>>> print(open('coords00.cif').read())   # mmCIF, C-alpha atoms
data_work
loop_
_atom_site.label_atom_id
_atom_site.label_comp_id
_atom_site.auth_asym_id
_atom_site.auth_seq_id
_atom_site.Cartn_x
_atom_site.Cartn_y
_atom_site.Cartn_z
CA MET A 22 0.00 0.00 0.00
CA GLN A 23 2.87 2.35 -0.68
CA SER A 24 4.85 3.29 -3.74
CA LEU A 25 8.32 3.92 -2.34
CA ASP A 26 11.27 2.26 -4.06
CA ASN A 27 12.31 -0.06 -1.24
CA SER A 28 12.58 -3.71 -0.34
CA LEU A 29 12.88 -6.23 2.47
CA THR A 30 15.62 -8.73 3.01
CA SER A 31 14.59 -11.97 4.64
CA TYR A 32 16.96 -14.39 6.32
CA LEU A 33 17.03 -17.24 8.82
CA GLU A 34 18.33 -16.57 12.31
CA ARG A 35 18.34 -19.38 14.86
CA GLY A 36 15.77 -21.24 12.77
CA LEU A 37 13.35 -18.27 12.54
CA LEU A 38 12.52 -16.21 9.45
CA ARG A 39 13.59 -12.60 10.01
CA THR A 40 13.23 -9.48 7.87
CA GLY A 41 15.21 -6.29 7.63
CA GLN A 42 15.75 -3.26 5.46
CA GLY A 43 16.69 -4.18 1.91
CA THR A 44 17.75 -1.86 -0.89
CA GLY A 45 16.17 1.49 -1.69
CA GLN A 46 14.47 4.01 0.56
CA PRO A 47 13.85 3.10 4.20
CA ASN A 48 10.70 1.04 4.73
CA PRO A 49 7.97 3.14 6.36
CA ASP A 50 6.97 2.10 9.86
CA TRP A 51 3.66 3.97 9.57
CA ILE A 52 1.39 4.24 6.53
CA PRO A 53 -1.38 6.71 7.44
CA LEU A 54 -3.62 5.74 4.49
CA ALA A 55 -3.48 2.05 5.43
CA HIS A 56 -4.31 2.90 9.04
CA ALA A 57 -7.29 5.06 7.97
CA ILE A 58 -8.67 2.42 5.61
CA ALA A 59 -8.34 -0.31 8.25
CA GLY A 60 -10.22 1.92 10.71
CA GLU A 61 -13.03 2.61 8.22
CA TYR A 62 -13.39 -1.06 7.34
CA ALA A 63 -13.39 -2.07 11.00
CA ALA A 64 -16.10 0.49 11.75
CA LYS A 65 -18.32 -0.86 8.95
CA ALA A 66 -17.67 -4.46 10.02
CA ASP A 67 -18.26 -3.68 13.71
CA ALA A 68 -14.75 -4.92 14.43
CA ASP A 69 -11.50 -3.70 15.92
CA PRO A 70 -8.64 -2.74 13.57
CA GLY A 71 -5.32 -4.36 14.35
CA ASN A 72 -1.73 -4.60 13.27
CA ILE A 73 0.82 -7.35 13.29
CA VAL A 74 3.07 -7.68 16.31
CA THR A 75 6.19 -6.69 14.37
CA ASP A 76 4.80 -3.14 14.01
CA VAL A 77 5.43 -2.54 17.72
CA PHE A 78 9.13 -3.16 17.16
CA ASN A 79 9.42 -1.30 13.80
CA ILE A 80 10.25 -4.57 12.05
CA PRO A 81 9.05 -4.53 8.42
CA ALA A 82 6.92 -7.40 7.14
CA THR A 83 5.06 -8.37 4.01
CA ALA A 84 2.40 -10.86 3.03
CA HIS A 85 3.65 -10.91 -0.55
CA TYR A 86 7.03 -12.57 -0.89
CA ILE A 87 7.80 -12.29 -4.58
CA GLY A 88 10.82 -12.27 -6.84
CA GLY A 89 14.05 -14.17 -6.86
CA CYS A 90 13.60 -16.08 -10.12
CA THR A 91 14.50 -13.39 -12.63
CA ILE A 92 13.30 -13.69 -16.23
CA ALA A 93 16.28 -13.33 -18.58
CA GLU A 94 17.72 -14.41 -21.90
CA SER A 95 20.44 -16.59 -20.40
CA PRO A 96 21.20 -18.55 -17.21
CA GLU A 97 24.00 -16.08 -16.45
CA ALA A 98 21.43 -13.27 -16.09
CA GLY A 99 18.41 -15.04 -14.60
CA VAL A 100 16.57 -18.21 -13.64
CA VAL A 101 13.79 -18.53 -16.25
CA ASP A 102 13.43 -17.64 -19.91
CA PRO A 103 10.59 -15.42 -21.27
CA TYR A 104 8.34 -18.51 -21.43
CA GLN A 105 9.04 -19.16 -17.71
CA ARG A 106 11.06 -22.33 -18.35
CA ILE A 107 13.92 -22.92 -15.91
CA PHE A 108 17.36 -22.79 -17.51
CA GLY A 109 19.14 -26.13 -17.28
CA HIS A 110 16.00 -28.05 -16.33
CA PRO A 111 13.92 -28.89 -19.43
CA GLY A 112 10.26 -29.43 -18.61
CA LEU A 113 10.37 -27.47 -15.35
CA HIS A 114 8.59 -24.10 -15.22
CA ILE A 115 7.99 -21.38 -12.64
CA ALA A 116 4.50 -19.95 -12.69
CA ASP A 117 4.17 -18.28 -9.30
CA GLY A 118 5.14 -14.99 -7.68
CA SER A 119 8.83 -15.83 -7.61
CA ALA A 120 9.02 -14.84 -11.30
CA ILE A 121 7.61 -11.36 -10.58
CA THR A 122 10.64 -9.07 -10.69
CA ALA A 123 9.49 -6.08 -8.64
CA ASN A 124 7.22 -5.08 -5.79
CA LEU A 125 3.91 -4.22 -7.43
CA GLY A 126 2.75 -2.11 -4.50
CA VAL A 127 -0.57 -3.97 -4.39
CA ASN A 128 -1.79 -7.52 -3.99
CA PRO A 129 0.04 -9.38 -6.80
CA SER A 130 -2.49 -12.19 -7.28
CA LEU A 131 -3.91 -10.98 -10.62
CA THR A 132 -0.45 -10.32 -12.06
CA ILE A 133 0.71 -13.77 -10.97
CA THR A 134 -2.42 -15.33 -12.49
CA ALA A 135 -1.96 -13.48 -15.79
CA ARG A 136 1.70 -14.46 -16.02
CA ALA A 137 0.89 -18.10 -15.24
CA GLU A 138 -1.90 -18.14 -17.84
CA ARG A 139 0.46 -16.64 -20.43
CA ALA A 140 3.13 -19.26 -19.72
CA MET A 141 0.62 -22.13 -19.89
CA ALA A 142 -0.88 -20.78 -23.15
CA PHE A 143 2.35 -21.71 -24.92
CA TRP A 144 2.46 -25.33 -23.75
CA PRO A 145 1.89 -27.71 -26.63
CA ASN A 146 -0.95 -30.21 -26.60
CA LYS A 147 0.13 -33.79 -25.95
CA GLY A 148 1.75 -35.20 -29.06
CA GLU A 149 2.17 -31.80 -30.76
CA ALA A 150 5.41 -29.96 -31.50
CA ASP A 151 6.50 -27.29 -29.00
CA PRO A 152 6.08 -23.86 -30.66
CA ARG A 153 8.55 -22.19 -28.25
CA PRO A 154 12.16 -21.67 -29.32
CA ALA A 155 14.67 -24.05 -27.75
CA LEU A 156 15.57 -23.24 -24.15
CA GLY A 157 18.34 -20.63 -24.20
CA SER A 158 17.45 -19.32 -27.68
CA PRO A 159 16.56 -15.64 -28.17
CA TYR A 160 12.98 -14.58 -27.44
CA ARG A 161 10.56 -14.91 -30.31
CA ARG A 162 6.93 -13.84 -30.22
CA ILE A 163 4.67 -16.86 -30.76
CA LEU A 164 0.93 -17.42 -30.82
CA PRO A 165 -0.81 -19.24 -27.96
CA VAL A 166 -1.58 -22.92 -28.49
CA SER A 167 -5.26 -23.72 -29.03
CA PRO A 168 -6.28 -26.52 -26.64
CA GLN A 169 -7.56 -29.75 -28.19
CA ARG A 170 -10.21 -30.29 -25.51
CA PRO A 171 -10.91 -26.99 -23.70
CA VAL A 172 -12.68 -27.29 -20.36
CA VAL A 173 -14.51 -23.97 -20.73
CA PRO A 174 -17.16 -24.07 -23.49
CA ALA A 175 -16.55 -21.77 -26.48
CA THR A 176 -19.83 -19.94 -25.74
CA ALA A 177 -18.90 -19.08 -22.13
CA PRO A 178 -17.91 -15.48 -21.25
CA GLY A 179 -14.53 -16.73 -19.99
CA ALA A 180 -13.79 -18.88 -23.04
CA LEU A 181 -10.35 -18.75 -24.61
CA ARG A 182 -10.49 -16.67 -27.75
CA LEU A 183 -7.33 -16.89 -29.84
CA PRO A 184 -6.51 -14.96 -33.02
CA ALA A 185 -7.21 -16.86 -36.22
#
>>> encode(input="coords00.cif", output="structure tokens")
Amino acid sequence: MQSLDNSLTSYLERGLLRTGQGTGQPNPDWIPLAHAIAGEYAAKADADPGNIVTDVFNIPATAHYIGGCTIAESPEAGVVDPYQRIFGHPGLHIADGSAITANLGVNPSLTITARAERAMAFWPNKGEADPRPALGSPYRRILPVSPQRPVVPATAPGALRLPA
């Protein structure tokens, strides 16, 4: 709920996950807008607003651990290629928040979903040739693969509609 250019560093200490200041601007220990919104919601829900215990000690925390598996053109620069295939491990893909390369500032669930759907749209149907370039080859724009037996009917509002 903030747009500062900052980050957290997480690490294990005596078997416990800890967080601390990462790169960029200092992490805020008070976000007035978040406090106001929590208070308004609590009032409407006839509830009490609350924080997490780490706030008392000015220890930053996040519910959205993302990043770490950078998308790149080579294994020297990242973990996955533009089709989210892991370098050096044919057949293994990353389709979760670890392939998101920056803090989005908001709940990342829709971005993660869109990226996963994009990656899966390029998977070939069983027995068909893989339209993606070989792992480690330069990026090439390709069309999504039309499923042989789609689960969602073609007449449904959420049906997959691919270009002809």
>>> closest_atom_pairs(input="coords00.cif", of="segment 106-155 of chain A", to="segment 76-87 of chain A", cutoff="7 Å", atoms="all atoms listed in the file", output="tab-separated table")
residue	atom	partner	partner_atom	distance
A:Gly118	CA	A:Ile87	CA	4.9
A:Ser119	CA	A:Ile87	CA	4.8
A:Ile121	CA	A:Ile87	CA	6.1
>>> closest_residue(input="coords00.cif", among="A:Asp151, A:Arg35, A:Ala120, A:Phe108", to="Cys90 of chain A", atoms="all atoms listed in the file")
A:Ala120
>>> axis_aligned_box(input="coords00.cif", around="segment 141-149 of chain A", padding_each_side="5 Å", output="AutoDock Vina command-line options")
--center_x 0.8 --center_y -28.0 --center_z -25.3 --size_x 13.4 --size_y 24.4 --size_z 20.9
>>> residues_around(input="coords00.cif", residues="Glu138 of chain A", least_positions_apart="2", cutoff="12 Å", atoms="all atoms listed in the file", output="tab-separated table (two decimals) with C-alpha atoms, in the frame of the given file")
chain	number	residue	atom	x	y	z
A	104	TYR	CA	8.34	-18.51	-21.43
A	105	GLN	CA	9.04	-19.16	-17.71
A	115	ILE	CA	7.99	-21.38	-12.64
A	116	ALA	CA	4.50	-19.95	-12.69
A	117	ASP	CA	4.17	-18.28	-9.30
A	131	LEU	CA	-3.91	-10.98	-10.62
A	132	THR	CA	-0.45	-10.32	-12.06
A	133	ILE	CA	0.71	-13.77	-10.97
A	134	THR	CA	-2.42	-15.33	-12.49
A	135	ALA	CA	-1.96	-13.48	-15.79
A	136	ARG	CA	1.70	-14.46	-16.02
A	140	ALA	CA	3.13	-19.26	-19.72
A	141	MET	CA	0.62	-22.13	-19.89
A	142	ALA	CA	-0.88	-20.78	-23.15
A	143	PHE	CA	2.35	-21.71	-24.92
A	144	TRP	CA	2.46	-25.33	-23.75
A	165	PRO	CA	-0.81	-19.24	-27.96
A	166	VAL	CA	-1.58	-22.92	-28.49
A	181	LEU	CA	-10.35	-18.75	-24.61
>>> atom_distance(input="coords00.cif", atom1="atom CA of Pro154 of chain A", atom2="atom CA of Gly112 of chain A")
13.4 Å
>>> atom_distance(input="coords00.cif", atom1="atom CA of Ser158 of chain A", atom2="atom CA of Arg106 of chain A")
11.7 Å
>>> residues_around(input="coords00.cif", residues="Ile52 of chain A", least_positions_apart="2", cutoff="12 Å", atoms="all atoms listed in the file", output="list in words")
Met22, Gln23, Ser24, Leu25, Asn48, Pro49, Asp50, Leu54, Ala55, His56, Ala57, Ile58, Ala59, Asn72, Asp76 and Pro81 of chain A
>>> atom_distance(input="coords00.cif", atom1="atom CA of Gln46 of chain A", atom2="atom CA of Asn27 of chain A")
4.9 Å
>>> residues_around(input="coords00.cif", residues="Gly60 of chain A", least_positions_apart="6", cutoff="10 Å", atoms="all atoms listed in the file", output="ChimeraX atom specification")
/A:54,66,68-71
>>> resolve_selection(input="coords00.cif", expression="the PyMOL selection byres ((chain A and resi 39-44) around 6)", output="list in words")
Asn27, Ser28, Leu29, Thr30, Ser31, Tyr32, Leu33, Leu38 and Gly45 of chain A
>>> closest_residue(input="coords00.cif", among="A:Gly109, A:Glu61, A:Arg139, A:Asn128", to="Gly157 of chain A", atoms="only C-alpha atoms")
A:Gly109
